[in-house]
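Asks: This is model.pdb, which holds PDB, N, CA and C atoms:
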```
ATOM      1  N   MET A1155     233.979 -49.615  76.389  1.00  0.00           N
ATOM      2  CA  MET A1155     234.365 -49.770  74.994  1.00  0.00           C
ATOM      3  C   MET A1155     234.861 -48.421  74.499  1.00  0.00           C
ATOM      4  N   LYS A1156     235.917 -48.441  73.773  1.00  0.00           N
ATOM      5  CA  LYS A1156     236.447 -47.217  73.185  1.00  0.00           C
ATOM      6  C   LYS A1156     236.207 -47.280  71.682  1.00  0.00           C
ATOM      7  N   ILE A1157     235.637 -46.216  71.134  1.00  0.00           N
ATOM      8  CA  ILE A1157     235.398 -46.107  69.697  1.00  0.00           C
ATOM      9  C   ILE A1157     236.174 -44.899  69.192  1.00  0.00           C
ATOM     10  N   ARG A1158     236.942 -45.124  68.137  1.00  0.00           N
ATOM     11  CA  ARG A1158     237.728 -44.036  67.573  1.00  0.00           C
ATOM     12  C   ARG A1158     237.331 -43.863  66.112  1.00  0.00           C
ATOM     13  N   MET A1159     236.959 -42.625  65.738  1.00  0.00           N
ATOM     14  CA  MET A1159     236.595 -42.348  64.356  1.00  0.00           C
ATOM     15  C   MET A1159     236.718 -40.857  64.083  1.00  0.00           C
ATOM     16  N   LYS A1160     236.801 -40.503  62.805  1.00  0.00           N
ATOM     17  CA  LYS A1160     236.849 -39.100  62.413  1.00  0.00           C
ATOM     18  C   LYS A1160     235.472 -38.487  62.634  1.00  0.00           C
ATOM     19  N   VAL A1161     235.443 -37.299  63.233  1.00  0.00           N
ATOM     20  CA  VAL A1161     234.186 -36.619  63.530  1.00  0.00           C
ATOM     21  C   VAL A1161     234.237 -35.221  62.959  1.00  0.00           C
ATOM     22  N   SER A1162     233.172 -34.829  62.236  1.00  0.00           N
ATOM     23  CA  SER A1162     233.097 -33.483  61.670  1.00  0.00           C
ATOM     24  C   SER A1162     232.651 -32.472  62.714  1.00  0.00           C
ATOM     25  N   ASP A1163     231.710 -32.879  63.568  1.00  0.00           N
ATOM     26  CA  ASP A1163     231.164 -31.991  64.590  1.00  0.00           C
ATOM     27  C   ASP A1163     230.549 -32.859  65.679  1.00  0.00           C
ATOM     28  N   PHE A1164     230.482 -32.344  66.902  1.00  0.00           N
ATOM     29  CA  PHE A1164     229.850 -33.111  67.972  1.00  0.00           C
ATOM     30  C   PHE A1164     229.249 -32.191  69.013  1.00  0.00           C
ATOM     31  N   ASN A1165     228.340 -32.738  69.795  1.00  0.00           N
ATOM     32  CA  ASN A1165     227.701 -32.015  70.876  1.00  0.00           C
ATOM     33  C   ASN A1165     227.472 -33.009  72.022  1.00  0.00           C
ATOM     34  N   VAL A1166     227.772 -32.582  73.242  1.00  0.00           N
ATOM     35  CA  VAL A1166     227.520 -33.407  74.429  1.00  0.00           C
ATOM     36  C   VAL A1166     226.580 -32.615  75.328  1.00  0.00           C
ATOM     37  N   ASP A1167     225.438 -33.223  75.697  1.00  0.00           N
ATOM     38  CA  ASP A1167     224.488 -32.516  76.540  1.00  0.00           C
ATOM     39  C   ASP A1167     224.781 -32.775  78.019  1.00  0.00           C
ATOM     40  N   ALA A1168     223.974 -32.181  78.885  1.00  0.00           N
ATOM     41  CA  ALA A1168     224.193 -32.288  80.330  1.00  0.00           C
ATOM     42  C   ALA A1168     224.089 -33.733  80.821  1.00  0.00           C
ATOM     43  N   GLY A1169     223.341 -34.582  80.092  1.00  0.00           N
ATOM     44  CA  GLY A1169     223.205 -35.988  80.472  1.00  0.00           C
ATOM     45  C   GLY A1169     224.319 -36.849  79.911  1.00  0.00           C
ATOM     46  N   LEU A1170     225.354 -36.219  79.337  1.00  0.00           N
ATOM     47  CA  LEU A1170     226.511 -36.882  78.728  1.00  0.00           C
ATOM     48  C   LEU A1170     226.148 -37.713  77.493  1.00  0.00           C
ATOM     49  N   ASN A1171     225.020 -37.372  76.860  1.00  0.00           N
ATOM     50  CA  ASN A1171     224.663 -37.978  75.585  1.00  0.00           C
ATOM     51  C   ASN A1171     225.411 -37.238  74.488  1.00  0.00           C
ATOM     52  N   MET A1172     225.937 -37.972  73.529  1.00  0.00           N
ATOM     53  CA  MET A1172     226.738 -37.356  72.477  1.00  0.00           C
ATOM     54  C   MET A1172     226.047 -37.492  71.133  1.00  0.00           C
ATOM     55  N   GLU A1173     226.008 -36.386  70.414  1.00  0.00           N
ATOM     56  CA  GLU A1173     225.522 -36.375  69.043  1.00  0.00           C
ATOM     57  C   GLU A1173     226.717 -36.023  68.168  1.00  0.00           C
ATOM     58  N   ILE A1174     226.980 -36.844  67.141  1.00  0.00           N
ATOM     59  CA  ILE A1174     228.142 -36.608  66.292  1.00  0.00           C
ATOM     60  C   ILE A1174     227.741 -36.620  64.823  1.00  0.00           C
ATOM     61  N   LEU A1175     228.466 -35.864  64.029  1.00  0.00           N
ATOM     62  CA  LEU A1175     228.309 -35.868  62.580  1.00  0.00           C
ATOM     63  C   LEU A1175     229.537 -36.542  61.985  1.00  0.00           C
ATOM     64  N   VAL A1176     229.300 -37.602  61.216  1.00  0.00           N
ATOM     65  CA  VAL A1176     230.399 -38.354  60.634  1.00  0.00           C
ATOM     66  C   VAL A1176     230.113 -38.664  59.169  1.00  0.00           C
ATOM     67  N   ASN A1177     231.167 -38.907  58.442  1.00  0.00           N
ATOM     68  CA  ASN A1177     231.069 -39.394  57.079  1.00  0.00           C
ATOM     69  C   ASN A1177     230.675 -40.864  57.170  1.00  0.00           C
ATOM     70  N   MET A1178     229.709 -41.304  56.368  1.00  0.00           N
ATOM     71  CA  MET A1178     229.234 -42.688  56.459  1.00  0.00           C
ATOM     72  C   MET A1178     230.344 -43.699  56.174  1.00  0.00           C
ATOM     73  N   GLU A1179     231.250 -43.397  55.259  1.00  0.00           N
ATOM     74  CA  GLU A1179     232.360 -44.323  54.988  1.00  0.00           C
ATOM     75  C   GLU A1179     233.226 -44.498  56.213  1.00  0.00           C
ATOM     76  N   ASP A1180     233.480 -43.401  56.939  1.00  0.00           N
ATOM     77  CA  ASP A1180     234.261 -43.482  58.173  1.00  0.00           C
ATOM     78  C   ASP A1180     233.505 -44.277  59.239  1.00  0.00           C
ATOM     79  N   PHE A1181     232.189 -44.091  59.296  1.00  0.00           N
ATOM     80  CA  PHE A1181     231.372 -44.820  60.264  1.00  0.00           C
ATOM     81  C   PHE A1181     231.427 -46.319  59.988  1.00  0.00           C
ATOM     82  N   TYR A1182     231.268 -46.697  58.728  1.00  0.00           N
ATOM     83  CA  TYR A1182     231.330 -48.115  58.375  1.00  0.00           C
ATOM     84  C   TYR A1182     232.727 -48.687  58.628  1.00  0.00           C
ATOM     85  N   ALA A1183     233.759 -47.899  58.390  1.00  0.00           N
ATOM     86  CA  ALA A1183     235.123 -48.352  58.670  1.00  0.00           C
ATOM     87  C   ALA A1183     235.293 -48.613  60.167  1.00  0.00           C
ATOM     88  N   MET A1184     234.683 -47.765  61.003  1.00  0.00           N
ATOM     89  CA  MET A1184     234.742 -47.973  62.448  1.00  0.00           C
ATOM     90  C   MET A1184     234.025 -49.271  62.817  1.00  0.00           C
ATOM     91  N   LEU A1185     232.855 -49.519  62.190  1.00  0.00           N
ATOM     92  CA  LEU A1185     232.116 -50.750  62.483  1.00  0.00           C
ATOM     93  C   LEU A1185     232.899 -51.995  62.070  1.00  0.00           C
ATOM     94  N   ASP A1186     233.728 -51.875  61.031  1.00  0.00           N
ATOM     95  CA  ASP A1186     234.554 -53.009  60.610  1.00  0.00           C
ATOM     96  C   ASP A1186     235.495 -53.458  61.730  1.00  0.00           C
ATOM     97  N   GLY A1187     235.824 -52.534  62.638  1.00  0.00           N
ATOM     98  CA  GLY A1187     236.713 -52.855  63.744  1.00  0.00           C
ATOM     99  C   GLY A1187     236.010 -53.478  64.940  1.00  0.00           C
ATOM    100  N   VAL A1188     234.680 -53.510  64.903  1.00  0.00           N
ATOM    101  CA  VAL A1188     233.902 -54.089  66.006  1.00  0.00           C
ATOM    102  C   VAL A1188     233.668 -55.565  65.703  1.00  0.00           C
ATOM    103  N   SER A1189     233.844 -56.399  66.691  1.00  0.00           N
ATOM    104  CA  SER A1189     233.689 -57.841  66.464  1.00  0.00           C
ATOM    105  C   SER A1189     232.251 -58.188  66.101  1.00  0.00           C
ATOM    106  N   ALA A1190     232.117 -59.219  65.302  1.00  0.00           N
ATOM    107  CA  ALA A1190     230.787 -59.689  64.900  1.00  0.00           C
ATOM    108  C   ALA A1190     229.977 -60.087  66.129  1.00  0.00           C
ATOM    109  N   ARG A1191     230.610 -60.651  67.129  1.00  0.00           N
ATOM    110  CA  ARG A1191     229.918 -61.064  68.355  1.00  0.00           C
ATOM    111  C   ARG A1191     229.315 -59.854  69.075  1.00  0.00           C
ATOM    112  N   THR A1192     230.059 -58.753  69.142  1.00  0.00           N
ATOM    113  CA  THR A1192     229.562 -57.546  69.800  1.00  0.00           C
ATOM    114  C   THR A1192     228.346 -56.998  69.064  1.00  0.00           C
ATOM    115  N   ILE A1193     228.413 -56.946  67.741  1.00  0.00           N
ATOM    116  CA  ILE A1193     227.290 -56.452  66.945  1.00  0.00           C
ATOM    117  C   ILE A1193     226.084 -57.374  67.097  1.00  0.00           C
ATOM    118  N   THR A1194     226.304 -58.676  67.067  1.00  0.00           N
ATOM    119  CA  THR A1194     225.219 -59.642  67.224  1.00  0.00           C
ATOM    120  C   THR A1194     224.557 -59.501  68.590  1.00  0.00           C
ATOM    121  N   ASP A1195     225.351 -59.376  69.639  1.00  0.00           N
ATOM    122  CA  ASP A1195     224.801 -59.207  70.992  1.00  0.00           C
ATOM    123  C   ASP A1195     223.976 -57.930  71.081  1.00  0.00           C
ATOM    124  N   TYR A1196     224.460 -56.858  70.466  1.00  0.00           N
ATOM    125  CA  TYR A1196     223.739 -55.583  70.482  1.00  0.00           C
ATOM    126  C   TYR A1196     222.384 -55.721  69.782  1.00  0.00           C
ATOM    127  N   ILE A1197     222.381 -56.296  68.585  1.00  0.00           N
ATOM    128  CA  ILE A1197     221.133 -56.453  67.830  1.00  0.00           C
ATOM    129  C   ILE A1197     220.148 -57.337  68.608  1.00  0.00           C
ATOM    130  N   TYR A1198     220.632 -58.433  69.175  1.00  0.00           N
ATOM    131  CA  TYR A1198     219.788 -59.321  69.962  1.00  0.00           C
ATOM    132  C   TYR A1198     219.164 -58.575  71.144  1.00  0.00           C
ATOM    133  N   THR A1199     219.964 -57.798  71.854  1.00  0.00           N
ATOM    134  CA  THR A1199     219.483 -57.042  73.005  1.00  0.00           C
ATOM    135  C   THR A1199     218.415 -56.041  72.587  1.00  0.00           C
ATOM    136  N   ARG A1200     218.652 -55.331  71.483  1.00  0.00           N
ATOM    137  CA  ARG A1200     217.680 -54.338  71.010  1.00  0.00           C
ATOM    138  C   ARG A1200     216.381 -54.999  70.563  1.00  0.00           C
ATOM    139  N   LEU A1201     216.469 -56.130  69.886  1.00  0.00           N
ATOM    140  CA  LEU A1201     215.264 -56.828  69.440  1.00  0.00           C
ATOM    141  C   LEU A1201     214.459 -57.347  70.626  1.00  0.00           C
ATOM    142  N   LYS A1202     215.136 -57.879  71.646  1.00  0.00           N
ATOM    143  CA  LYS A1202     214.449 -58.360  72.842  1.00  0.00           C
ATOM    144  C   LYS A1202     213.749 -57.206  73.560  1.00  0.00           C
ATOM    145  N   ALA A1203     214.390 -56.040  73.622  1.00  0.00           N
ATOM    146  CA  ALA A1203     213.779 -54.879  74.265  1.00  0.00           C
ATOM    147  C   ALA A1203     212.551 -54.420  73.486  1.00  0.00           C
ATOM    148  N   ALA A1204     212.634 -54.413  72.164  1.00  0.00           N
ATOM    149  CA  ALA A1204     211.502 -54.010  71.334  1.00  0.00           C
ATOM    150  C   ALA A1204     210.350 -55.006  71.478  1.00  0.00           C
ATOM    151  N   GLU A1205     210.680 -56.284  71.577  1.00  0.00           N
ATOM    152  CA  GLU A1205     209.663 -57.322  71.738  1.00  0.00           C
ATOM    153  C   GLU A1205     208.902 -57.122  73.042  1.00  0.00           C
ATOM    154  N   GLY A1206     209.626 -56.746  74.077  1.00  0.00           N
ATOM    155  CA  GLY A1206     209.010 -56.511  75.377  1.00  0.00           C
ATOM    156  C   GLY A1206     208.076 -55.315  75.384  1.00  0.00           C
ATOM    157  N   LYS A1207     208.273 -54.388  74.450  1.00  0.00           N
ATOM    158  CA  LYS A1207     207.423 -53.196  74.340  1.00  0.00           C
ATOM    159  C   LYS A1207     206.332 -53.382  73.292  1.00  0.00           C
ATOM    160  N   GLY A1208     206.185 -54.618  72.792  1.00  0.00           N
ATOM    161  CA  GLY A1208     205.174 -54.873  71.786  1.00  0.00           C
ATOM    162  C   GLY A1208     205.628 -54.493  70.393  1.00  0.00           C
ATOM    163  N   GLY A1209     206.947 -54.338  70.207  1.00  0.00           N
ATOM    164  CA  GLY A1209     207.518 -53.937  68.907  1.00  0.00           C
ATOM    165  C   GLY A1209     207.782 -55.102  68.001  1.00  0.00           C
ATOM    166  N   ALA A1210     208.959 -55.134  67.399  1.00  0.00           N
ATOM    167  CA  ALA A1210     209.348 -56.112  66.383  1.00  0.00           C
ATOM    168  C   ALA A1210     209.063 -57.543  66.840  1.00  0.00           C
ATOM    169  N   ARG A1211     208.529 -58.336  65.920  1.00  0.00           N
ATOM    170  CA  ARG A1211     208.222 -59.733  66.231  1.00  0.00           C
ATOM    171  C   ARG A1211     208.925 -60.630  65.258  1.00  0.00           C
TER     172      ARG A1211
END
```
If you convert what's in this file into structure tokens, what do you get?
Replies:
Amino acid sequence: MKIRMKVSDFNVDAGLNMEILVNMEDFYAMLDGVSARTITDYIYTRLKAAEGKGGAR
């Protein structure tokens, strides 16, 4: 998946994890470009993982 958005600052660590600073309006505008199905699948996956760890019910 490719995500394109305005970034004020960023850092990439040795594990290729990225930390970015963005304006919230720009972040929400980027999310507007993501399909509802993709967001739904992501939320479902995260909730199932939390459930398996004794988290959200």
Asks: Got a sec to resolve the PyMOL selection byres ((chain A and resi 1159) around 6.5) on this structure and send the residues as a list in words?
Replies: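 Listing what the PyMOL selection byres ((chain A and resi 1159) around 6.5) selects in the shown file: Ile1157, Arg1158, Lys1160, Val1161, Asp1180 and Met1184 of chain A.
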Asks: Extract the full set of helix (DSSP H, G or I) residues from chain A according to DSSP on the backbone, and format it as an NGL selection string.
Replies: :A and (1178-1186 or 1190-1206)
Asks: In Å, with one decimal, what is the gap from atom C of Ser1162 in chain A to atom N of Glu1179 in chain A?
Replies: 13.3 Å
Asks: Which value, in Å to one decimal, gives the distance between CA of Leu1170 in chain A and CA of Asp1195 in chain A?
Replies: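 Interatomic distance here is 23.7 Å.
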Asks: Could you work out how far CA of Gly1208 in chain A lies from CA of Asn1171 in chain A, giving the answer in Å with one decimal?
Replies: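 Spanning CA of Asn1171 in chain A to CA of Gly1208 in chain A is a straight-line distance of 26.1 Å.
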Asks: Give me, as a list of chain:residue names, the residues of chain A that a backbone DSSP run labels strand (DSSP E).
Replies: A:Asp1163, A:Phe1164, A:Asn1165, A:Val1166, A:Met1172, A:Glu1173, A:Ile1174, A:Leu1175
Asks: Run the PyMOL selection byres (((chain A and resi 1175 and name CA) around 8) and name CA) on the file and write out the hits as a PyMOL selection string.
Replies: chain A and resi 1161-1164+1173-1174+1176-1177
